[in-house]
Each structure stands twice: as C-alpha cells, then as structure tokens.
Amino acid sequence: MDIPTVANLPIQRFYPRKGAKLSHSTIGRRNEYLPSHPVQRPTVQTHPSERRLAAESLPGSLSCVKFTRLFRKLSAGAVALGLFSSALRAEGPLDRLTALAAGTADTTLRLDVLRGMEAALRGRNGVSAPAGWTELETTLAAAPDEETRRLARNLGTVFGSPRALETLRTIAANPQAAGADRTAAVDTLLRTRDAALVPLLQKLTAEAGVRATAIRGLAAFDDAKTPSVLLAGFPQFNAAEQRDALNTLASRAAYARPLVEAVRSGAVPKATLTADLVRQLRSLKDTTLAADLTQIWGVMKETSPDMKAEVERMKKLYWAGGSQPGDAPRGRVVFNQVCSQCHHLFDTGGNVGPDITGANRADLDYLLQNILYPNAVIPNEYLASTVETKDERVLTGVIKSQDANGISLQTANELVTVPRAEIRKIEATAVSMMPEGLIANLTEQQIRDLLYYLSRPGQVPLPAGTK
Ligand code: HEC
C-alpha cells in the first residue's frame, strides 16, 4: 500500500495558498498540517474504532491511508472533511467524532480530533451541536492546555453554544487579557455574524491591542453608528488602522457618504484616499457618491492609448530631479502609503500582489509600465472580482478559494470568508487587483522619491520621527 503524498490530501484546501495572508487562527498551526517534505514515518498503533471511523468517512481513494502519527493528525481533519462530501452529509460522523473525543483517555488524540473538526467547520456557522457536545464542552473547558480550551470555544461558537459565546465575549472585553487572545476571541465571535456584537466592536476601536480586528470586523455589519465611531477615532489610529478604517467605510454606500463628507471637510486627509479606495467607492455604484468623488478626486484616468508617451513623460519628470532624483527614506514613506499594503518589498509588506523584491526594479521602464498600466498584463490569479452581499456590502478582491460553503476573498486589506448564503452577486472584472491612478495624486517630488526608493538594491531606514 502506498502512502499518498501530503499534497494529495484534501486538507490542503483549507489552508491559504503559500504567500496568502494568514488569519490569526491559522498562523502557527498550518505548518503542523503541512510538513515540508512528506516522509514515510513509522506506523503507530491506532484504536480499531478510530480506523473504522476513518475508513468509513474518508473518500474512497484515501481509505488506504496508513495511520502514522503524522497521518493521524491529518486524518482527523480528513475524517471531519468527509462530513461535507456529498455522500456523507448526514450529521452522524460529527456525533461520532464528538463521542471519540469524549471517550478517549489519550489527550493527543482528542486534540487531533478537535483540530480536525475545527478545520472542517472553519467558516461555518449555526451547525447544530452534535450529540454529547455540551458534556464534552464542560470537560474541555477544564483542560489544562490552552489549545484544547481554545478549540472547544471555537467549535462551541460554530455550534451556537451560549457558554462558548459568553466566554469569548468576556475575553474580548477584558483589557487585562493578552492582545493575541482578545484578537482571536473577536475573530471567532465575528464568525457568528451576531449583530449584538456591534457595540462591543465599536467600543474596542478605542483599544490599541484589538483595534484593527474590531475595525475590520465592523465592515460585516450595517450599523448607523459605525461611521461616526470610526471617523472620531481616525486621528488616533496608526497608518495601518487608518487604512482598515477607510476600507470598512468604503465597504457600503451608507458608510461611504459620511467618509466622503469627512474628506471634503478635511477631517480625513485627501491623500489617505488612495486609488484602490477610490475604485472600491466607485464599485458601490451610488450616483451621488460617484459625483462627489469626481469633484474631490478627479476622473479616474482609463488606460491611456499612448502608454509609451506617458512612460517617457514620467521618465523626464524623474530625471528633472537631477543626478540623484529622489530621497530613498522619503520614498519608503510614500511606498508605505500607496503600495506596501499589497506588496512585500525587502523585509516587509502585504501579499495581495507579488513580492517585488526580486523584480526588475533597477529598470525605470519596468517600474513605470507596471505602476501606470497595471492592466496591460494581468496574470489570471490577480484579476479582481466584486462580491455583493445581501446586506449591501460590496467587497473587491481576488478569489483565493471557493466551495459550497462560501468564498475566500483577498481584499486590499484582509482575507475575508463570505458565506455562500450571504452572497447576492459575484462579478468577475477584467481589471487587475492593482488599481490605476496610484500615483496620480502624488507630488512630483514624491514620485521621484518613490521611484528612487524602488530602484534601491536594499532596505533603507525610515526618516527620523516617522510613525
Ligand atoms: C490593491 C493592491 C495593490 C496596490 C495598492 C499596488 N499594487 Fe502593484 N500589483 C498588485 C497586483 C495584484 C499585481 C499583479 C497583477 C498585475 O500585474 O496587475 C501587481 C503588480 C505590480 C508590479 C509587477 C510585478 C511583477 O510581477 O512584475 C509592480 C512592479 C508593482 N505592482 C508595483 C507597485 C507599486 C510601486 C505600487 C505603489 C505605487 C503598487 N504596486 C501598488 C497589487 C497592488
């Protein structure tokens, strides 16, 4: 019997692709599931009932999986995954996994089963609790290790357990709890889509440790108070939090109107409204908003017929700066404002677009063509789609994966899972996730600084005093 390679196992589908942004809940565990080189490991003895359970639940091709310590881990996930294959939709296997976790004295096995259940149920909500869950949950809440307790809370949330929800709310609201625990609690609560969560999220935007998660989470709810809460806190947010706030405000027309007003009044600096946000605001298809944007931001220039001439014009502008046209540290600041949320460069940055550290950056033509005309050549995996939800939220992003439960969308600032039941419409666009007009609102010197920084072989320090 052959051991299938790890790459063949369906568990992979539950993990973001290499290079994708990881959510808090997946960081740290992914590597356990995905060893870099699948090697044959010694078979360990497994309980006959466990083998039978796995053999029954796994898709046919995998039922020959030999149980090794490694594969036992994977199989727990795979067993749970089997639940959702069409042949096995009945809730039965979930009851049996719960019974398995409750009945075993082997805490490692119990942990494996819980991990598997969690992986399989990720992104799901309102699943009816399996038989015996309440009793198991009580036992797990008293487990000595935090991972078991955390998995119990996460699964409890999926099953709508009042106990799990209460514990999570307490952790989220507790300023004494560790920032990472609070963030994880908010992340899990967000999956319940419970509107009762909104006042807590709004309150948390005032607390540095959990602020970013709370701000992003607010985008999922239509609440009249959210724009004023975010706009009032805006000056205290750091640059990344400000971008999260702008993305949340640009996510639905009802939030975007107060945002545009704030830009008009100067409360939110016009320069923070980058091209990707303007494009997102336009995708809301609200006519008043579109008119306001044109007034404030100007018309978005569509791909100019004469790319070559435009590149030449920008090259002239660059060299007009002298023999050293720009300042690298200042250029890094510009990069952080308009590019780094999507691109990794040197040692930092996002993963929405490709890592550009190894790109042909010393070539000014290459840089300008890609910055000015992102739509000239677009690899398929970077085509943007817009997703409209039934509660009027519009998301723009790259679809990373989709299945019967929902889709996972990489937006400009987060990896979002949108449940299928909430989607009204998905529209593929013919444009790159990288917007046009990114540098249209920069000053000439900022453009020189940016290009100069981009052409450097390595990282430079930020100017003194930069936040
Ligand atoms: C909203 C996300 C986003 C922002 C903001 C963004 N980019 Fe991009 N960028 C992408 C994506 C996605 C691609 C790949 C698809 C394409 O080429 O259009 C890309 C491609 C590129 C490439 C070509 C990479 C290659 O593989 O050759 C360069 C160079 C680049 N971007 C530079 C920049 C610079 C400089 C900025 C800031 C002025 C910027 N980008 C801002 C998403 C973004």
# chains A, B, ... in the order shown; residues from 1 in each chain; ligands from 1
call {"tool": "select_by_dssp", "arguments": {"residues": "region 376-464 of chain A", "states": "strand (DSSP E)", "output": "short mmCIF file (atom, residue, chain, number, x, y, z; two decimals) with N, CA and C atoms, in the first residue's frame"}}
result
data_model
loop_
_atom_site.label_atom_id
_atom_site.label_comp_id
_atom_site.auth_asym_id
_atom_site.auth_seq_id
_atom_site.Cartn_x
_atom_site.Cartn_y
_atom_site.Cartn_z
N LEU A 383 -6.78 38.86 -11.11
CA LEU A 383 -7.96 39.58 -11.58
C LEU A 383 -8.89 39.85 -10.41
N ALA A 384 -9.39 41.07 -10.33
CA ALA A 384 -10.27 41.42 -9.21
C ALA A 384 -11.71 40.97 -9.48
N SER A 385 -12.41 40.60 -8.43
CA SER A 385 -13.84 40.31 -8.53
C SER A 385 -14.56 41.19 -7.52
N THR A 386 -15.81 41.49 -7.81
CA THR A 386 -16.59 42.18 -6.77
C THR A 386 -17.68 41.24 -6.27
N VAL A 387 -17.85 41.26 -4.98
CA VAL A 387 -18.83 40.41 -4.33
C VAL A 387 -19.80 41.32 -3.59
N GLU A 388 -21.09 41.13 -3.91
CA GLU A 388 -22.10 41.96 -3.26
C GLU A 388 -22.88 41.07 -2.30
N THR A 389 -23.03 41.50 -1.06
CA THR A 389 -23.76 40.66 -0.10
C THR A 389 -25.21 41.12 -0.02
N VAL A 394 -20.19 45.65 -0.34
CA VAL A 394 -19.53 45.32 -1.61
C VAL A 394 -18.04 45.11 -1.34
N LEU A 395 -17.53 43.97 -1.71
CA LEU A 395 -16.12 43.68 -1.50
C LEU A 395 -15.42 43.54 -2.84
N THR A 396 -14.22 44.11 -2.93
CA THR A 396 -13.41 43.93 -4.13
C THR A 396 -12.18 43.13 -3.75
N GLY A 397 -11.90 42.08 -4.47
CA GLY A 397 -10.72 41.29 -4.12
C GLY A 397 -10.47 40.17 -5.10
N VAL A 398 -9.44 39.41 -4.78
CA VAL A 398 -9.08 38.27 -5.60
C VAL A 398 -9.64 37.02 -4.93
N ILE A 399 -10.38 36.21 -5.67
CA ILE A 399 -10.94 34.99 -5.08
C ILE A 399 -9.83 33.97 -4.91
N LYS A 400 -9.58 33.59 -3.68
CA LYS A 400 -8.49 32.66 -3.40
C LYS A 400 -8.98 31.23 -3.43
N SER A 401 -10.19 31.00 -2.96
CA SER A 401 -10.75 29.66 -2.99
C SER A 401 -12.24 29.77 -2.82
N GLN A 402 -12.96 28.76 -3.28
CA GLN A 402 -14.39 28.75 -3.04
C GLN A 402 -14.90 27.32 -3.01
N GLY A 406 -18.78 28.78 0.98
CA GLY A 406 -18.51 30.19 0.83
C GLY A 406 -17.28 30.45 -0.01
N ILE A 407 -16.90 31.72 -0.09
CA ILE A 407 -15.70 32.03 -0.84
C ILE A 407 -14.72 32.77 0.06
N SER A 408 -13.47 32.60 -0.28
CA SER A 408 -12.45 33.30 0.46
C SER A 408 -11.84 34.34 -0.48
N LEU A 409 -11.93 35.59 -0.05
CA LEU A 409 -11.59 36.71 -0.92
C LEU A 409 -10.46 37.53 -0.30
N GLN A 410 -9.38 37.72 -1.08
CA GLN A 410 -8.29 38.57 -0.60
C GLN A 410 -8.58 40.00 -1.03
N THR A 411 -8.99 40.83 -0.09
CA THR A 411 -9.23 42.23 -0.43
C THR A 411 -7.92 42.98 -0.23
N LEU A 415 -8.03 38.90 4.34
CA LEU A 415 -8.55 37.70 3.69
C LEU A 415 -9.91 37.44 4.35
N VAL A 416 -10.98 37.61 3.57
CA VAL A 416 -12.32 37.51 4.15
C VAL A 416 -13.01 36.24 3.67
N THR A 417 -13.71 35.56 4.56
CA THR A 417 -14.53 34.44 4.14
C THR A 417 -15.98 34.93 4.11
N VAL A 418 -16.61 34.84 2.94
CA VAL A 418 -18.01 35.25 2.85
C VAL A 418 -18.87 34.00 2.66
N PRO A 419 -19.77 33.72 3.62
CA PRO A 419 -20.62 32.55 3.48
C PRO A 419 -21.50 32.64 2.24
N ILE A 423 -24.22 35.82 -0.06
CA ILE A 423 -23.80 36.47 -1.31
C ILE A 423 -24.98 36.71 -2.23
N ARG A 424 -25.10 37.93 -2.71
CA ARG A 424 -26.13 38.20 -3.70
C ARG A 424 -25.56 38.00 -5.10
N LYS A 425 -24.36 38.50 -5.31
CA LYS A 425 -23.81 38.51 -6.66
C LYS A 425 -22.29 38.48 -6.62
N ILE A 426 -21.70 37.70 -7.51
CA ILE A 426 -20.25 37.75 -7.69
C ILE A 426 -19.99 38.16 -9.12
N GLU A 427 -19.17 39.17 -9.31
CA GLU A 427 -18.90 39.62 -10.66
C GLU A 427 -17.40 39.61 -10.92
N ALA A 428 -17.00 38.89 -11.95
CA ALA A 428 -15.58 38.92 -12.30
C ALA A 428 -15.34 40.20 -13.08
N THR A 429 -14.24 40.89 -12.82
CA THR A 429 -13.94 42.08 -13.60
C THR A 429 -12.80 41.73 -14.55
N ALA A 430 -12.48 42.65 -15.43
CA ALA A 430 -11.37 42.40 -16.34
C ALA A 430 -10.16 43.22 -15.92
N VAL A 431 -10.19 43.71 -14.68
CA VAL A 431 -9.08 44.55 -14.26
C VAL A 431 -8.25 43.91 -13.16
N SER A 432 -7.01 44.39 -13.07
CA SER A 432 -6.10 43.88 -12.06
C SER A 432 -6.53 44.35 -10.68
#
call {"tool": "closest_atom_pairs", "arguments": {"of": "chain A", "to": "ligand 1", "cutoff": "6 Å", "atoms": "only C-alpha atoms and all ligand atoms", "output": "CSV"}}
result
residue,atom,partner,partner_atom_place_in_ligand_line,distance
A:Asp276,CA,ligand 1,1 (C),5.5
A:Phe335,CA,ligand 1,37 (C),5.9
A:Val338,CA,ligand 1,37 (C),4.9
A:Cys339,CA,ligand 1,37 (C),3.5
A:Cys342,CA,ligand 1,2 (C),4.4
A:Val352,CA,ligand 1,12 (C),5.7
A:Gly353,CA,ligand 1,11 (C),3.7
A:Pro354,CA,ligand 1,26 (O),5.6
A:Ile356,CA,ligand 1,24 (C),5.8
A:Ala359,CA,ligand 1,27 (O),5.8
A:Leu367,CA,ligand 1,29 (C),5.2
A:Asn370,CA,ligand 1,28 (C),5.0
A:Ile371,CA,ligand 1,32 (C),5.3
A:Pro374,CA,ligand 1,18 (O),4.0
A:Asn375,CA,ligand 1,18 (O),5.4
A:Val377,CA,ligand 1,17 (O),5.9
A:Ile378,CA,ligand 1,16 (C),4.5
A:Pro379,CA,ligand 1,15 (C),5.8
A:Tyr382,CA,ligand 1,12 (C),4.8
A:Ala412,CA,ligand 1,1 (C),4.8
A:Ser432,CA,ligand 1,18 (O),4.6
A:Met433,CA,ligand 1,12 (C),4.4
A:Met434,CA,ligand 1,42 (C),3.7
A:Leu438,CA,ligand 1,38 (C),5.5
A:Ile439,CA,ligand 1,38 (C),5.9
call {"tool": "select_by_dssp", "arguments": {"residues": "region 271-377 of chain A", "states": "alpha helix (DSSP H)", "output": "tab-separated table (two decimals) with C-alpha atoms, in the first residue's frame"}}
result
chain	number	residue	atom	x	y	z
A	275	ALA	CA	-6.63	54.77	-5.77
A	276	ASP	CA	-7.73	51.36	-4.55
A	277	LEU	CA	-10.15	53.01	-2.11
A	278	VAL	CA	-11.50	55.30	-4.78
A	279	ARG	CA	-12.06	52.31	-7.01
A	280	GLN	CA	-13.79	50.48	-4.15
A	281	LEU	CA	-16.00	53.53	-3.55
A	282	ARG	CA	-16.92	53.63	-7.24
A	287	THR	CA	-24.55	58.03	-8.30
A	288	THR	CA	-24.30	60.84	-5.72
A	289	LEU	CA	-21.16	59.29	-4.35
A	290	ALA	CA	-19.65	58.95	-7.80
A	291	ALA	CA	-20.29	62.64	-8.49
A	292	ASP	CA	-18.71	63.63	-5.16
A	293	LEU	CA	-15.68	61.53	-5.91
A	294	THR	CA	-15.20	63.10	-9.31
A	295	GLN	CA	-15.35	66.50	-7.66
A	296	ILE	CA	-12.85	65.63	-4.92
A	297	TRP	CA	-10.58	63.21	-6.64
A	307	MET	CA	1.41	54.15	-22.92
A	308	LYS	CA	4.84	54.78	-24.36
A	309	ALA	CA	4.48	58.55	-24.39
A	310	GLU	CA	3.23	58.58	-20.81
A	311	VAL	CA	6.14	56.46	-19.62
A	312	GLU	CA	8.55	58.82	-21.42
A	313	ARG	CA	6.89	61.83	-19.81
A	314	MET	CA	7.31	60.29	-16.35
A	315	LYS	CA	10.94	59.41	-17.07
A	316	LYS	CA	11.63	63.04	-17.98
A	317	LEU	CA	9.90	64.14	-14.80
A	318	TYR	CA	12.09	61.74	-12.82
A	319	TRP	CA	15.38	62.89	-14.33
A	328	ALA	CA	15.16	56.86	-0.51
A	329	PRO	CA	13.88	57.18	3.09
A	330	ARG	CA	11.19	59.63	1.98
A	331	GLY	CA	10.38	57.28	-0.90
A	332	ARG	CA	9.84	54.49	1.60
A	333	VAL	CA	7.22	56.60	3.33
A	334	VAL	CA	5.39	57.05	0.01
A	335	PHE	CA	5.68	53.31	-0.65
A	336	ASN	CA	4.15	52.60	2.75
A	337	GLN	CA	1.26	54.90	1.92
A	338	VAL	CA	0.37	53.63	-1.52
A	364	LEU	CA	12.76	52.56	-14.78
A	365	ASP	CA	10.66	51.47	-17.78
A	366	TYR	CA	9.62	48.30	-16.00
A	367	LEU	CA	8.62	50.22	-12.89
A	368	LEU	CA	6.66	52.90	-14.72
A	369	GLN	CA	4.87	50.49	-17.04
A	370	ASN	CA	3.73	48.39	-14.09
A	371	ILE	CA	2.75	51.32	-11.90
A	372	LEU	CA	0.98	53.30	-14.61
call {"tool": "residues_around", "arguments": {"residues": "Ala164 (chain A)", "least_positions_apart": "2", "cutoff": "12 Å", "atoms": "only C-alpha atoms", "output": "PyMOL selection string"}}
result
chain A and resi 133-134+137-138+140-141+149-162+166-171+185+188-189+192
call {"tool": "write_last_selection", "arguments": {"atoms": "C-alpha atoms", "output": "PDB file, in the first residue's frame"}}
result
ATOM      1  CA  TRP A 133     -21.329  18.240  22.800  1.00  0.00           C
ATOM      2  CA  THR A 134     -22.496  20.072  25.938  1.00  0.00           C
ATOM      3  CA  GLU A 137     -17.525  21.121  26.221  1.00  0.00           C
ATOM      4  CA  THR A 138     -17.686  21.150  30.020  1.00  0.00           C
ATOM      5  CA  LEU A 140     -12.757  20.543  27.646  1.00  0.00           C
ATOM      6  CA  ALA A 141     -13.217  23.883  29.404  1.00  0.00           C
ATOM      7  CA  ARG A 149      -9.773  25.131  25.601  1.00  0.00           C
ATOM      8  CA  ARG A 150      -9.485  27.406  22.590  1.00  0.00           C
ATOM      9  CA  LEU A 151     -10.616  24.705  20.162  1.00  0.00           C
ATOM     10  CA  ALA A 152     -13.563  23.973  22.441  1.00  0.00           C
ATOM     11  CA  ARG A 153     -14.556  27.647  22.394  1.00  0.00           C
ATOM     12  CA  ASN A 154     -14.212  27.874  18.613  1.00  0.00           C
ATOM     13  CA  LEU A 155     -16.234  24.739  18.000  1.00  0.00           C
ATOM     14  CA  GLY A 156     -18.757  25.791  20.636  1.00  0.00           C
ATOM     15  CA  THR A 157     -19.237  29.023  18.699  1.00  0.00           C
ATOM     16  CA  VAL A 158     -19.902  27.119  15.480  1.00  0.00           C
ATOM     17  CA  PHE A 159     -22.499  25.095  17.384  1.00  0.00           C
ATOM     18  CA  GLY A 160     -24.017  28.257  18.886  1.00  0.00           C
ATOM     19  CA  SER A 161     -23.142  27.224  22.440  1.00  0.00           C
ATOM     20  CA  PRO A 162     -24.123  30.018  24.882  1.00  0.00           C
ATOM     21  CA  GLU A 166     -20.133  34.165  26.832  1.00  0.00           C
ATOM     22  CA  THR A 167     -16.535  33.123  27.489  1.00  0.00           C
ATOM     23  CA  LEU A 168     -15.387  34.722  24.241  1.00  0.00           C
ATOM     24  CA  ARG A 169     -17.163  37.992  24.949  1.00  0.00           C
ATOM     25  CA  THR A 170     -15.547  38.119  28.372  1.00  0.00           C
ATOM     26  CA  ILE A 171     -12.072  37.560  26.915  1.00  0.00           C
ATOM     27  CA  ALA A 185     -11.773  35.863  20.568  1.00  0.00           C
ATOM     28  CA  THR A 188     -14.168  33.835  16.412  1.00  0.00           C
ATOM     29  CA  LEU A 189     -17.118  35.941  17.551  1.00  0.00           C
ATOM     30  CA  THR A 192     -21.236  34.177  14.338  1.00  0.00           C
TER      31      THR A 192
END
call {"tool": "atom_distance", "arguments": {"atom1": "CA of Gln446 (chain A)", "atom2": "CA of Ala271 (chain A)"}}
result
12.0 Å
call {"tool": "closest_residue", "arguments": {"among": "A:Ala99, A:Ala362, A:Ala320, A:Ala267", "to": "Leu451 (chain A)", "atoms": "only C-alpha atoms"}}
result
A:Ala362
call {"tool": "atom_distance", "arguments": {"atom1": "CA of Asp95 (chain A)", "atom2": "CA of Ala131 (chain A)"}}
result
5.4 Å
call {"tool": "closest_residue", "arguments": {"among": "A:Thr248, A:Ser283, A:Leu450, A:Asp181", "to": "Ser340 (chain A)", "atoms": "only C-alpha atoms"}}
result
A:Leu450
call {"tool": "closest_residue", "arguments": {"among": "A:Pro325, A:Gly458, A:Gly437, A:Pro235", "to": "Leu345 (chain A)", "atoms": "only C-alpha atoms"}}
result
A:Gly458
